[in-house]
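Coordinates as given in model-v1.csv (CSV, C-alpha atoms):
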chain,number,residue,atom,x,y,z
A,13,MET,CA,0.0,0.0,0.0
A,14,GLN,CA,2.6,2.5,1.0
A,15,LYS,CA,4.8,2.0,-2.0
A,16,THR,CA,2.1,3.0,-4.4
A,17,MET,CA,1.9,6.5,-2.8
A,18,ALA,CA,4.6,9.0,-3.6
A,19,PRO,CA,7.7,7.9,-1.7
A,20,LYS,CA,8.0,11.2,0.1
A,21,ASP,CA,4.8,10.6,2.1
A,22,ARG,CA,6.3,7.8,4.2
A,23,LYS,CA,7.0,8.7,7.8
A,24,PRO,CA,10.6,8.5,8.8
A,25,HIS,CA,11.3,5.1,10.2
A,26,VAL,CA,11.8,4.7,13.9
A,27,SER,CA,14.5,2.2,15.0
A,28,ARG,CA,13.2,-1.1,16.4
A,29,ASN,CA,16.4,-1.3,18.5
A,30,PRO,CA,16.1,0.9,21.5
A,31,ASP,CA,19.3,2.4,22.9
A,32,LEU,CA,20.5,1.2,26.3
A,33,ILE,CA,23.2,3.9,26.2
A,34,ARG,CA,24.2,6.0,23.2
A,35,GLY,CA,26.0,3.6,20.9
A,36,VAL,CA,24.8,0.4,22.5
A,37,GLY,CA,21.5,-1.2,21.4
A,38,LYS,CA,19.3,-3.6,23.4
A,39,TYR,CA,19.2,-6.3,20.8
A,40,SER,CA,22.1,-8.2,19.2
A,41,ARG,CA,22.6,-8.6,15.4
A,42,SER,CA,20.9,-12.0,15.3
A,43,LYS,CA,17.9,-10.7,17.3
A,44,MET,CA,17.6,-7.7,15.0
A,45,TYR,CA,17.7,-10.0,12.0
A,46,HIS,CA,14.6,-11.7,13.4
A,47,LYS,CA,12.9,-8.5,14.4
A,48,ARG,CA,13.2,-6.9,11.0
A,49,GLY,CA,11.8,-10.0,9.4
A,50,LEU,CA,14.7,-10.4,7.0
A,51,TRP,CA,14.1,-14.2,7.2
A,52,ALA,CA,10.6,-13.6,5.9
A,53,ILE,CA,11.8,-11.5,3.0
A,54,LYS,CA,14.4,-14.2,2.1
A,55,ALA,CA,11.8,-16.9,2.3
A,56,LYS,CA,9.4,-14.9,0.1
A,57,ASN,CA,12.1,-14.5,-2.5
A,58,GLY,CA,13.3,-18.1,-2.5
A,59,GLY,CA,16.3,-18.2,-0.2
A,60,THR,CA,18.1,-15.0,-1.2
A,61,PHE,CA,17.5,-11.3,-0.8
A,62,PRO,CA,15.7,-9.6,-3.7
A,63,LYS,CA,18.2,-8.0,-6.1
A,64,HIS,CA,17.8,-5.6,-8.9
A,65,GLU,CA,20.1,-5.4,-11.8
A,66,LYS,CA,22.6,-2.6,-11.8
A,67,LYS,CA,21.9,-0.1,-14.4
A,68,ALA,CA,24.7,-0.1,-16.9
A,69,ALA,CA,26.9,2.8,-16.1
A,70,GLU,CA,26.7,5.4,-18.9
A,71,ALA,CA,30.1,5.9,-20.4
A,72,ALA,CA,31.5,9.2,-19.1
A,73,PRO,CA,32.2,11.7,-21.8
A,74,ALA,CA,35.8,11.2,-23.0
A,75,GLU,CA,37.9,13.6,-20.9
A,76,LYS,CA,40.9,15.2,-22.6
A,77,PRO,CA,44.1,15.2,-20.5
A,78,PRO,CA,44.5,18.6,-18.9
A,79,LYS,CA,46.9,21.1,-20.6
A,80,PHE,CA,48.3,22.3,-17.3
A,81,TYR,CA,49.4,20.6,-14.2
A,82,PRO,CA,50.2,22.9,-11.3
A,83,ALA,CA,53.7,22.4,-9.9
A,84,ASP,CA,52.7,22.4,-6.2
A,85,ASP,CA,49.5,21.0,-4.8
A,86,VAL,CA,46.6,23.4,-5.2
A,87,LYS,CA,44.6,23.9,-2.0
A,88,LYS,CA,40.8,23.5,-2.3
A,89,PRO,CA,38.8,26.4,-0.9
A,90,LEU,CA,36.7,25.6,2.1
A,91,VAL,CA,33.0,24.9,1.7
A,92,ASN,CA,30.9,28.0,2.2
A,93,LYS,CA,27.2,27.3,2.9
A,94,ARG,CA,26.3,30.9,3.8
A,95,LYS,CA,23.2,32.3,2.1
A,96,ALA,CA,22.9,35.9,1.0
A,97,ARG,CA,20.0,37.6,2.8
A,98,PRO,CA,19.0,41.2,3.4
A,99,THR,CA,20.6,43.0,6.3
A,100,LYS,CA,19.0,42.3,9.7
A,101,LEU,CA,16.6,45.0,10.4
A,102,ARG,CA,16.8,46.7,13.8
A,103,ALA,CA,13.9,45.9,16.0
A,104,SER,CA,13.1,49.6,16.4
A,105,ILE,CA,12.5,50.0,12.6
A,106,THR,CA,9.0,48.9,11.6
A,107,PRO,CA,6.9,50.0,8.7
A,108,GLY,CA,5.6,53.5,9.4
A,109,THR,CA,8.5,54.5,11.7
A,110,VAL,CA,9.8,58.1,11.4
A,111,LEU,CA,13.6,57.9,10.7
A,112,ILE,CA,16.2,60.7,10.8
A,113,ILE,CA,18.6,60.5,7.9
A,114,LEU,CA,22.1,61.3,9.0
A,115,ALA,CA,24.1,61.6,5.8
A,116,GLY,CA,23.9,62.6,2.2
A,117,ARG,CA,21.8,65.3,0.5
A,118,PHE,CA,18.9,64.9,2.9
A,119,LYS,CA,20.8,64.8,6.1
A,120,GLY,CA,18.7,65.8,9.1
A,121,LYS,CA,15.5,65.2,7.3
A,122,ARG,CA,12.7,63.3,9.1
A,123,VAL,CA,11.3,60.7,6.8
A,124,VAL,CA,8.8,57.8,6.9
A,125,PHE,CA,10.0,54.2,6.5
A,126,LEU,CA,8.0,52.0,4.1
A,127,LYS,CA,9.7,48.7,3.8
A,128,GLN,CA,13.0,46.9,3.5
A,129,LEU,CA,14.1,45.9,0.0
A,130,THR,CA,15.8,42.6,-0.8
A,131,SER,CA,19.1,44.3,-1.1
A,132,GLY,CA,18.8,45.3,2.6
A,133,LEU,CA,18.3,49.0,1.9
A,134,LEU,CA,15.3,50.8,3.4
A,135,LEU,CA,12.6,52.2,1.2
A,136,VAL,CA,11.7,55.6,2.5
A,137,THR,CA,9.6,58.6,1.4
A,138,GLY,CA,9.4,62.2,2.7
A,139,PRO,CA,6.5,62.5,1.8
A,140,PHE,CA,7.7,64.6,-1.1
A,141,LYS,CA,5.2,67.4,-0.6
A,142,ILE,CA,6.1,67.8,3.1
A,143,ASN,CA,9.9,67.8,3.0
A,144,GLY,CA,11.2,67.2,-0.5
A,145,VAL,CA,12.4,63.7,0.0
A,146,PRO,CA,11.2,61.4,-2.8
A,147,LEU,CA,10.8,57.6,-2.8
A,148,ARG,CA,14.3,56.7,-2.1
A,149,ARG,CA,16.6,54.0,-0.8
A,150,VAL,CA,18.6,54.6,2.3
A,151,ASN,CA,21.1,52.4,4.2
A,152,GLN,CA,20.1,51.4,7.7
A,153,SER,CA,23.5,52.5,9.2
A,154,TYR,CA,22.9,56.1,8.3
A,155,VAL,CA,19.6,56.4,10.0
A,156,ILE,CA,18.3,57.0,13.5
A,157,ALA,CA,15.0,55.4,14.3
A,158,THR,CA,12.6,57.5,16.4
A,159,SER,CA,9.8,55.9,18.3
A,160,THR,CA,7.2,57.9,16.4
A,161,LYS,CA,5.1,55.8,14.1
A,162,VAL,CA,2.8,56.8,11.3
A,163,ASP,CA,-0.1,54.7,10.2
A,164,ILE,CA,0.9,53.1,6.9
A,165,SER,CA,-1.9,50.7,6.2
A,166,GLY,CA,-3.4,52.7,3.3
A,167,VAL,CA,-0.1,52.5,1.3
A,168,ASN,CA,0.7,49.9,-1.3
A,169,VAL,CA,4.4,49.4,-1.7
A,170,GLU,CA,4.4,46.0,-3.4
A,171,LYS,CA,5.7,47.3,-6.7
A,172,PHE,CA,8.9,48.9,-5.5
A,173,ASP,CA,12.1,46.9,-5.5
A,174,ASP,CA,15.8,47.5,-6.2
A,175,LYS,CA,15.4,47.3,-10.0
A,176,TYR,CA,12.9,50.3,-9.8
A,177,PHE,CA,15.8,52.4,-8.4
A,178,GLY,CA,18.6,51.1,-10.6
A,179,LYS,CA,20.3,53.2,-13.1
A,180,LYS,CA,18.7,53.1,-16.6
A,181,VAL,CA,20.9,51.4,-19.2
A,182,GLU,CA,21.2,53.7,-22.2
A,183,LYS,CA,21.3,52.3,-25.7
A,184,LYS,CA,24.7,52.7,-27.1
A,185,LYS,CA,24.9,55.5,-29.6
A,186,LYS,CA,27.2,55.7,-32.5
A,187,LYS,CA,29.9,58.2,-32.1
A,188,GLY,CA,28.7,61.5,-33.6
A,189,GLU,CA,30.7,64.1,-31.8
A,190,GLY,CA,28.8,67.3,-32.5
A,191,GLU,CA,25.4,66.0,-31.5
A,192,PHE,CA,26.7,63.8,-28.6
A,193,PHE,CA,26.7,66.3,-25.7
A,194,GLU,CA,23.4,68.0,-26.5
A,195,ALA,CA,21.4,64.9,-26.8
A,196,GLU,CA,22.7,63.4,-23.6
A,197,LYS,CA,21.9,66.5,-21.5
A,198,GLU,CA,18.3,66.6,-22.6
A,199,GLU,CA,17.6,63.0,-21.6
A,200,LYS,CA,19.1,63.0,-18.1
A,201,ASN,CA,17.3,66.0,-16.5
A,202,THR,CA,13.7,64.9,-16.5
A,203,LEU,CA,12.1,62.3,-14.3
A,204,PRO,CA,9.8,60.0,-16.1
A,205,GLN,CA,6.1,60.8,-15.5
A,206,ASP,CA,5.3,57.4,-14.1
A,207,LYS,CA,7.7,57.8,-11.3
A,208,LYS,CA,6.1,61.1,-10.4
A,209,ASP,CA,2.7,59.4,-10.4
A,210,ASP,CA,4.0,56.6,-8.1
A,211,GLN,CA,5.2,59.3,-5.7
A,212,LYS,CA,1.8,60.9,-5.7
A,213,THR,CA,-0.1,57.7,-5.0
A,214,VAL,CA,2.1,56.7,-2.2
A,215,ASP,CA,2.1,60.1,-0.6
A,216,ALA,CA,-1.7,60.7,-0.9
A,217,ALA,CA,-2.5,57.9,1.6
A,218,LEU,CA,0.4,58.9,3.8
A,219,ILE,CA,-0.4,62.5,4.0
A,220,ALA,CA,-3.9,61.7,5.0
A,221,SER,CA,-2.7,59.7,8.0
A,222,ILE,CA,-0.1,62.3,8.9
A,223,GLU,CA,-2.5,65.2,9.0
A,224,ALA,CA,-4.6,63.2,11.5
A,225,VAL,CA,-1.9,63.7,14.1
A,226,PRO,CA,-1.4,67.3,15.3
A,227,ASP,CA,2.0,68.9,14.6
A,228,LEU,CA,3.3,65.8,12.8
A,229,LYS,CA,3.3,67.5,9.4
A,230,SER,CA,5.5,70.4,10.6
A,231,TYR,CA,7.6,67.9,12.5
A,232,LEU,CA,8.4,66.0,9.3
A,233,GLY,CA,9.0,69.3,7.5
A,234,ALA,CA,11.6,70.4,10.0
A,235,ARG,CA,15.2,69.1,10.0
A,236,PHE,CA,16.9,67.6,13.0
A,237,SER,CA,20.0,69.2,14.5
A,238,LEU,CA,21.9,68.9,17.7
A,239,LYS,CA,21.6,72.0,19.8
A,240,ALA,CA,23.6,73.1,22.9
A,241,GLY,CA,23.2,70.7,25.8
A,242,MET,CA,21.9,67.8,23.8
A,243,LYS,CA,23.8,64.6,24.5
A,244,PRO,CA,23.1,62.0,21.8
A,245,HIS,CA,23.9,59.1,24.1
A,246,GLU,CA,21.4,60.3,26.6
A,247,LEU,CA,18.7,61.4,24.2
A,248,VAL,CA,15.7,59.1,23.8
A,249,PHE,CA,14.6,59.1,20.2
B,6,MET,CA,23.2,77.2,60.8
B,7,PRO,CA,21.9,74.5,63.2
B,8,PHE,CA,20.9,71.2,61.6
B,9,LYS,CA,17.2,70.7,60.8
B,10,ARG,CA,17.0,67.2,59.4
B,11,TYR,CA,18.2,64.5,61.8
B,12,VAL,CA,18.9,60.8,61.4
B,13,GLU,CA,16.2,59.2,63.5
B,14,ILE,CA,14.0,56.3,63.3
B,15,GLY,CA,11.2,57.1,60.8
B,16,ARG,CA,13.3,59.7,58.8
B,17,VAL,CA,12.5,59.3,55.1
B,18,ALA,CA,15.6,59.5,52.9
B,19,LEU,CA,16.5,59.5,49.2
B,20,VAL,CA,19.0,57.0,48.0
B,21,ASN,CA,21.6,58.9,45.9
B,22,TYR,CA,24.0,56.1,44.9
B,23,GLY,CA,23.9,52.4,44.0
B,24,LYS,CA,21.3,49.9,42.9
B,25,ASP,CA,18.4,51.7,44.5
B,26,TYR,CA,19.3,55.1,43.2
B,27,GLY,CA,16.4,57.5,43.4
B,28,LYS,CA,14.2,55.6,45.8
B,29,LEU,CA,12.6,56.9,48.9
B,30,VAL,CA,13.5,54.8,51.9
B,31,VAL,CA,12.8,54.9,55.6
B,32,ILE,CA,15.5,54.7,58.3
B,33,VAL,CA,14.3,51.9,60.5
B,34,ASP,CA,17.3,51.5,62.8
B,35,VAL,CA,20.8,52.8,63.2
B,36,ILE,CA,23.6,50.2,63.1
B,37,ASP,CA,26.6,52.2,63.9
B,38,GLN,CA,28.2,55.5,63.2
B,39,ASN,CA,28.2,55.0,59.5
B,40,ARG,CA,25.3,52.7,58.6
B,41,ALA,CA,21.6,52.5,59.0
B,42,LEU,CA,19.0,49.8,58.5
B,43,VAL,CA,16.8,51.0,55.8
B,44,ASP,CA,13.4,49.7,54.5
B,45,ALA,CA,11.0,50.6,51.7
B,46,PRO,CA,7.7,48.9,50.5
B,47,ASP,CA,9.4,47.6,47.4
B,48,MET,CA,12.7,46.4,48.7
B,49,VAL,CA,14.2,43.9,51.1
B,50,ARG,CA,15.2,45.6,54.4
B,51,GLY,CA,19.0,46.1,54.4
B,52,GLN,CA,21.8,48.2,55.6
B,53,MET,CA,23.0,51.3,53.8
B,54,ASN,CA,25.8,53.7,54.5
B,55,PHE,CA,24.7,57.2,55.4
B,56,LYS,CA,26.8,58.5,52.6
B,57,ARG,CA,24.4,56.9,50.2
B,58,LEU,CA,21.4,58.7,51.7
B,59,THR,CA,20.2,62.2,51.5
B,60,LEU,CA,17.8,63.1,54.3
B,61,THR,CA,14.4,64.7,53.5
B,62,ASP,CA,12.1,66.8,55.6
B,63,ILE,CA,9.6,64.0,55.9
B,64,LYS,CA,9.4,61.8,59.0
B,65,ILE,CA,6.9,59.1,59.9
B,66,ASP,CA,5.9,57.6,63.2
B,67,ILE,CA,7.2,54.1,63.7
B,68,LYS,CA,8.9,52.1,66.4
B,69,ARG,CA,12.4,50.6,65.9
B,70,VAL,CA,12.4,48.0,63.1
B,71,PRO,CA,8.7,47.5,62.3
B,72,ASN,CA,7.1,44.7,60.2
B,73,LYS,CA,6.7,45.4,56.6
B,74,LYS,CA,3.0,45.6,57.1
B,75,THR,CA,3.3,48.1,59.9
B,76,LEU,CA,5.7,50.1,57.8
B,77,VAL,CA,3.5,50.3,54.8
B,78,ALA,CA,0.5,51.3,57.0
B,79,ALA,CA,2.6,54.0,58.6
B,80,LEU,CA,3.7,55.3,55.2
B,81,GLU,CA,0.0,55.4,54.1
B,82,ALA,CA,-1.0,57.2,57.3
B,83,ALA,CA,1.6,59.9,56.9
B,84,ASP,CA,0.8,60.2,53.2
B,85,VAL,CA,4.5,60.3,52.3
B,86,LYS,CA,4.0,59.8,48.6
B,87,ASN,CA,1.8,62.8,48.1
B,88,LYS,CA,3.9,65.0,50.4
B,89,TRP,CA,7.0,64.1,48.5
B,90,GLU,CA,5.4,64.6,45.1
B,91,SER,CA,4.0,68.0,46.1
B,92,SER,CA,7.3,69.2,47.6
B,93,SER,CA,9.5,71.3,45.4
B,94,TRP,CA,12.3,68.8,45.6
B,95,GLY,CA,10.0,66.0,44.6
B,96,ARG,CA,8.5,68.0,41.8
B,97,LYS,CA,11.9,68.8,40.4
B,98,LEU,CA,12.8,65.1,40.3
B,99,ILE,CA,9.6,64.3,38.4
B,100,VAL,CA,10.3,67.0,35.9
B,101,GLN,CA,13.9,65.8,35.4
B,102,LYS,CA,12.6,62.2,34.7
B,103,LYS,CA,10.0,63.5,32.3
B,104,ARG,CA,12.6,65.5,30.4
B,105,ALA,CA,14.9,62.6,30.1
B,106,SER,CA,12.2,60.4,28.7
B,107,LEU,CA,11.1,62.8,26.0
B,108,ASN,CA,10.8,61.5,22.4
B,109,ASP,CA,12.2,63.5,19.5
B,110,PHE,CA,8.6,64.4,18.5
B,111,ASP,CA,7.9,65.5,22.0
B,112,ARG,CA,10.9,67.8,22.0
B,113,PHE,CA,9.6,69.3,18.8
B,114,LYS,CA,6.2,69.9,20.2
B,115,ILE,CA,7.7,71.5,23.3
B,116,MET,CA,9.8,73.8,21.1
B,117,LEU,CA,6.6,74.9,19.3
B,118,ALA,CA,4.8,75.5,22.6
B,119,LYS,CA,7.8,77.5,24.0
B,120,ILE,CA,7.8,79.8,20.9
B,121,LYS,CA,4.1,80.3,21.2
B,122,LYS,CA,4.3,81.2,24.8
B,123,ALA,CA,7.2,83.6,24.3
B,124,GLY,CA,5.1,85.2,21.5
B,125,VAL,CA,2.2,85.8,23.8
B,126,VAL,CA,4.4,87.2,26.6
B,127,ARG,CA,6.2,89.5,24.2
B,128,GLN,CA,2.8,90.9,22.9
B,129,GLU,CA,1.7,91.6,26.5
B,130,LEU,CA,5.0,93.2,27.3
B,131,SER,CA,4.8,95.5,24.2
B,132,LYS,CA,1.3,96.5,25.2
B,133,LEU,CA,2.4,97.5,28.6
B,134,LYS,CA,5.4,99.3,27.2
B,135,LYS,CA,3.2,101.4,25.0
B,136,GLU,CA,1.0,102.4,27.9
B,137,THR,CA,3.8,103.6,30.1
B,138,THR,CA,5.9,105.5,27.5
B,139,CYS,CA,3.0,107.4,26.0
Once more with this new file: its structure as structure tokens, please.
Amino acid sequence: MQKTMAPKDRKPHVSRNPDLIRGVGKYSRSKMYHKRGLWAIKAKNGGTFPKHEKKAAEAAPAEKPPKFYPADDVKKPLVNKRKARPTKLRASITPGTVLIILAGRFKGKRVVFLKQLTSGLLLVTGPFKINGVPLRRVNQSYVIATSTKVDISGVNVEKFDDKYFGKKVEKKKKKGEGEFFEAEKEEKNTLPQDKKDDQKTVDAALIASIEAVPDLKSYLGARFSLKAGMKPHELVF
Amino acid sequence: MPFKRYVEIGRVALVNYGKDYGKLVVIVDVIDQNRALVDAPDMVRGQMNFKRLTLTDIKIDIKRVPNKKTLVAALEAADVKNKWESSSWGRKLIVQKKRASLNDFDRFKIMLAKIKKAGVVRQELSKLKKETTC
């Protein structure tokens, strides 16, 4: 009955030979032979164990002798079973947390965290109307997480991933020196309209939930800075 | 110049060093020149050096080394908690704790409130100035 089912459905077999101590079983080899019913299998098969014929080994493709033998023994690199996964996210950073960006063009800006991308970077938005920070990726190390949370349930961030933010690969142009510089300049400056629309849809839901909290809008619009007497290691964010 | 707060049985003191920093305790017995037996509702009765204690103005009525039950009853009867929290020293400590626990958003809101208050004060002041100079 069992063999007709897909082989993976079988339960892992429990040993019929309980351990007295680790490494020492209760029953001897001959007793185990009887317990497992190997005598019955033999009897059913006419005195010997059932065999199946070996599959004829396929002839391995003819290998050419290598061109180069290294003079000394080459060391094999050690096995590496590590898997790449996104950076571990700090427990204080959850979707909707207000973050303070510490470096780059937007340093000091308070910004809303949306989700962590597969590369490990954090997807973040100003919202753009409030403080000029667009949908952007930011590294976790350059961010302070505050304990202020914004309600992010109305926002759909499924479509954003690292590819969305990657640099656009331009088609290779043939070398025409006079036209070269002008044409390139025109293309680079404008943001494609669909990205602007994405920004608007994400921000619409966010801004609604931000305006529900008094002062939160002006808070997000203001930059953070250290003033006299503020000790970062004593501040609660 | 003379001392006003004495080490005596029933004197409430503030712990200013160590594991119980910031707690209010009651001196329940004096061990020797340097140490007191000290007790509080939320700690095991134990000895403390006087250097770790700062005496307060509050004193409760107890006998030497009372039971925990008696001690708690005496503290309730003397209303130590409210007296402490309404005293200027106690209020200052509460404000310090609140300030230390402020969120970044809270600090922002406080900044806005301060600016608003200063604006109102300045307006009143300018009104008064106008009245007197004219």
Practice problem: Tell me the residues of chain B close to chain A, meaning within 10 Å using all atoms listed in the file, as number ranges by chain. | Solution: B: 104-114, 117
Quiz prompt | Contacts of Ser131 in chain A within 10 Å, only C-alpha atoms, excl. fewer than 4 positions in-chain, as a count of residues only | solution = 7
Quiz item: Contacts of Leu114 in chain A at 12 Å or less, counting only C-alpha atoms, minus same-chain residues fewer than 4 places along, as a list in words?
Solution: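 The filter keeps Phe118, Lys119, Gly120, Lys121, Arg122, Val123, Val150, Asn151, Gln152, Ser153, Tyr154, Val155, Ile156, Ala157, Arg235, Phe236, Ser237 and Leu238 of chain A.
Here CA of Val225 in chain A and CA of Phe140 in chain A stand 18.0 Å from one another.
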Exercise. For CA of His245 in chain A and CA of Arg102 in chain A, determine how far apart the two atoms are, in Å to one decimal place.
Key: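 For CA of His245 in chain A relative to CA of Arg102 in chain A, the distance reads 17.6 Å.
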Neighbour list for Lys28 in chain B as an mmCIF file with C-alpha atoms, in the frame of the given file, cut-off 12 Å, only C-alpha atoms, skip fewer than 2 positions in-chain:
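Heads up, here's the output in part-v9.cif:
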data_model
loop_
_atom_site.group_PDB
_atom_site.id
_atom_site.type_symbol
_atom_site.label_atom_id
_atom_site.label_comp_id
_atom_site.auth_asym_id
_atom_site.auth_seq_id
_atom_site.Cartn_x
_atom_site.Cartn_y
_atom_site.Cartn_z
ATOM 1 C CA VAL B 17 12.500 59.300 55.100
ATOM 2 C CA ALA B 18 15.600 59.500 52.900
ATOM 3 C CA LEU B 19 16.500 59.500 49.200
ATOM 4 C CA VAL B 20 19.000 57.000 48.000
ATOM 5 C CA ASN B 21 21.600 58.900 45.900
ATOM 6 C CA TYR B 22 24.000 56.100 44.900
ATOM 7 C CA GLY B 23 23.900 52.400 44.000
ATOM 8 C CA LYS B 24 21.300 49.900 42.900
ATOM 9 C CA ASP B 25 18.400 51.700 44.500
ATOM 10 C CA TYR B 26 19.300 55.100 43.200
ATOM 11 C CA VAL B 30 13.500 54.800 51.900
ATOM 12 C CA VAL B 31 12.800 54.900 55.600
ATOM 13 C CA VAL B 43 16.800 51.000 55.800
ATOM 14 C CA ASP B 44 13.400 49.700 54.500
ATOM 15 C CA ALA B 45 11.000 50.600 51.700
ATOM 16 C CA PRO B 46 7.700 48.900 50.500
ATOM 17 C CA ASP B 47 9.400 47.600 47.400
ATOM 18 C CA MET B 48 12.700 46.400 48.700
ATOM 19 C CA ARG B 57 24.400 56.900 50.200
ATOM 20 C CA LEU B 58 21.400 58.700 51.700
ATOM 21 C CA THR B 59 20.200 62.200 51.500
ATOM 22 C CA LEU B 60 17.800 63.100 54.300
ATOM 23 C CA THR B 61 14.400 64.700 53.500
ATOM 24 C CA LYS B 86 4.000 59.800 48.600
ATOM 25 C CA TRP B 89 7.000 64.100 48.500
ATOM 26 C CA GLY B 95 10.000 66.000 44.600
ATOM 27 C CA LEU B 98 12.800 65.100 40.300
#
Self-check item: Contacts of Val35 in chain B at 10 Å (all atoms listed in the file; same-chain gap of 2+ positions) as a PyMOL selection string
Solution: chain B and resi 12-14+32-33+37-43+52-53+55+69-70
Self-check item: Å distance separating CA of Val169 in chain A from CA of Asp215 in chain A, one decimal place
Solution: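 Between CA of Val169 in chain A and CA of Asp215 in chain A the gap works out to 11.0 Å.
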Practice problem: Go through B:Leu29, B:Ser131, B:Thr75, B:Val126 and flag the residue nearest Lys88 in chain B, using all atoms listed in the file for the distances. | Solution: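 Using all atoms listed in the file, Lys88 in chain B sits closest to B:Leu29.
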Exercise. Counting all atoms listed in the file, note down every residue that has an atom within 7 Å of the point (7.2, 56.9, 62.4) (file coordinates), as a ChimeraX atom specification.
Key: /B:14-15,64-68,79
Atoms to include: C-alpha atoms. Write the selected residues as a PDB file, keeping the file's coordinate frame.
ATOM      1  CA  ILE B  14      14.000  56.300  63.300  1.00  0.00           C
ATOM      2  CA  GLY B  15      11.200  57.100  60.800  1.00  0.00           C
ATOM      3  CA  LYS B  64       9.400  61.800  59.000  1.00  0.00           C
ATOM      4  CA  ILE B  65       6.900  59.100  59.900  1.00  0.00           C
ATOM      5  CA  ASP B  66       5.900  57.600  63.200  1.00  0.00           C
ATOM      6  CA  ILE B  67       7.200  54.100  63.700  1.00  0.00           C
ATOM      7  CA  LYS B  68       8.900  52.100  66.400  1.00  0.00           C
ATOM      8  CA  ALA B  79       2.600  54.000  58.600  1.00  0.00           C
TER       9      ALA B  79
END
